[in-house]
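Q: Mind looking over this structure? Questions follow.
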Amino acid sequence: MLNQIIKYIKNGFHIHLIHAVLQHITNNTFLSATICIKLYSLNYFYWYGHLYNYLPNSKHNWLKQFVRFTDTGHIASFGYYFFPKIITLPLAHNVHFIIMVGYWTGKLIFDMKDADRIDSSSSSDIIEWHTDVCTYIHHTVPYMLIVYDLWSYPSIEIVNNNNTLIYTYGWLYTWFFCIYLPWRFYTGDTVYSILDQKQTSTPVMLSFIGVIHMFPLVIKWSKIYF
């Protein structure tokens, strides 16, 4: 019984309970969800970071949770909530749009694999279906919460100005040059399977990168907010 409880804790089931408690205490769906979505990553790499080989000392592999572009979504969410004048709602929207649509485009159209996924053959503790559910939550729920806020404040203009467009590309390139490239050069980890030349042909890789670059322009031209 105790082993089963520990297994559920390792897989983050207790975070759903924490989410319910935070929702009750704060009565703020955006804040409680944002905290708990990040808690899942913290919990996952705390228990399973040692199974990866990104860094010479496996104890430091928990740093991977701050490297993916998806992880910048946590910054966008917390920044928008606590410092809305610095990270505006339209900018947070763009970041989460790229995270969600980029992930599903890569997965469904470009056959991108979840590079960090650990299956039960690597660890008997892993509950694969729950890991997948939490991954999908990471790449879907934050955007839905942002869209809800946009609907709640219809006076806020989405991305119909060049400043927000510039900030969005600035966010992308800051992540790429200041986080992604240093991590990749130091560890050899491509982070995303679609950026791995051993798994993906150059035309496919460039096509995916081109699609990602088009997203901010598509949002601006079409005024997407759903």
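If you're wondering about the labels, chains in the structure tokens are A, B, ... by order shown, residues count from 1 in each chain, ligands from 1 in order shown.
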I'd like the contact shell of stretch 214-220 of chain A - 12 Å cut-off, only C-alpha atoms, skipping same-chain residues fewer than 4 positions apart - returned as a PyMOL selection string.
A: chain A and resi 90-102+105+157-172+207-210+224-226
Q: List every residue of stretch 39-114 of chain A that DSSP, applied to the backbone of this structure, places in alpha helix (DSSP H), and write the result as a PyMOL selection string.
A: chain A and resi 39-48+69-82+89-108
Q: Compile the contact shell of stretch 48-63 of chain A as a list in words: residues with an atom at most 8 Å away, counting only C-alpha atoms, same-chain residues fewer than 5 positions apart removed.
A: Leu42, Thr187, Gly188 and Asp189 of chain A
Q: So what do you get for atom CA of A:Ile15 versus atom CA of A:Val191, distance-wise?
A: 25.3 Å
Q: If I take atom CA of A:Asp116 and atom CA of A:Ile146, how far is one from the other in Å, to one decimal?
A: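 The value is 26.0 Å.
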Q: Which one is closest to A:Gly79: A:Ser41, A:Met144, A:Leu31, A:Trp183? Count only C-alpha atoms.
A: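 The answer is A:Leu31, which sits nearest to A:Gly79.
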Q: Which polymer residues have any atom within 12 Å of an atom of A:Leu181, counting only C-alpha atoms, with same-chain residues fewer than 4 positions away left out, as a ChimeraX atom specification?
A: /A:67-69,173-177,185-191,195
Q: May I have the selected residues written with N, CA and C atoms, as a compact mmCIF listing (two decimals), in the first residue's frame?
A:
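The resulting again.txt:
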# COMPACT_ATOMS: atom_id res chain seq x y z
N VAL A 67 14.50 24.65 -19.70
CA VAL A 67 15.16 24.82 -20.99
C VAL A 67 14.18 24.86 -22.16
N ARG A 68 13.13 24.09 -22.11
CA ARG A 68 12.20 23.99 -23.24
C ARG A 68 11.43 25.31 -23.44
N PHE A 69 11.05 25.57 -24.68
CA PHE A 69 10.28 26.80 -24.92
C PHE A 69 8.97 26.78 -24.14
N TYR A 173 13.49 34.65 -29.85
CA TYR A 173 14.93 34.68 -30.10
C TYR A 173 15.74 34.74 -28.81
N THR A 174 15.18 35.36 -27.78
CA THR A 174 15.87 35.37 -26.49
C THR A 174 15.98 33.96 -25.95
N TRP A 175 14.87 33.21 -26.04
CA TRP A 175 14.92 31.80 -25.61
C TRP A 175 15.93 31.02 -26.45
N PHE A 176 15.91 31.22 -27.76
CA PHE A 176 16.75 30.42 -28.66
C PHE A 176 18.24 30.69 -28.41
N PHE A 177 18.60 31.96 -28.34
CA PHE A 177 20.03 32.29 -28.24
C PHE A 177 20.56 32.24 -26.81
N PHE A 185 24.73 23.28 -26.86
CA PHE A 185 26.18 23.20 -27.05
C PHE A 185 26.85 22.50 -25.87
N TYR A 186 26.35 22.75 -24.67
CA TYR A 186 26.98 22.19 -23.48
C TYR A 186 26.63 20.72 -23.28
N THR A 187 25.35 20.37 -23.52
CA THR A 187 24.90 19.01 -23.20
C THR A 187 24.79 18.11 -24.43
N GLY A 188 24.63 18.71 -25.63
CA GLY A 188 24.38 17.91 -26.83
C GLY A 188 22.93 17.52 -26.97
N ASP A 189 22.09 17.94 -26.03
CA ASP A 189 20.67 17.62 -26.05
C ASP A 189 19.94 18.56 -27.01
N THR A 190 19.25 18.00 -28.00
CA THR A 190 18.53 18.82 -28.99
C THR A 190 17.20 19.32 -28.47
N VAL A 191 16.77 18.86 -27.30
CA VAL A 191 15.53 19.27 -26.63
C VAL A 191 14.30 18.75 -27.37
N LEU A 195 14.39 18.81 -34.02
CA LEU A 195 15.61 19.60 -34.23
C LEU A 195 16.86 18.72 -34.20
Q: How many Å lie between atom CA of A:Gly73 and atom CA of A:Thr202, rounded to one decimal?
A: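 According to the coordinates, atom CA of A:Gly73 and atom CA of A:Thr202 are separated by 27.3 Å.
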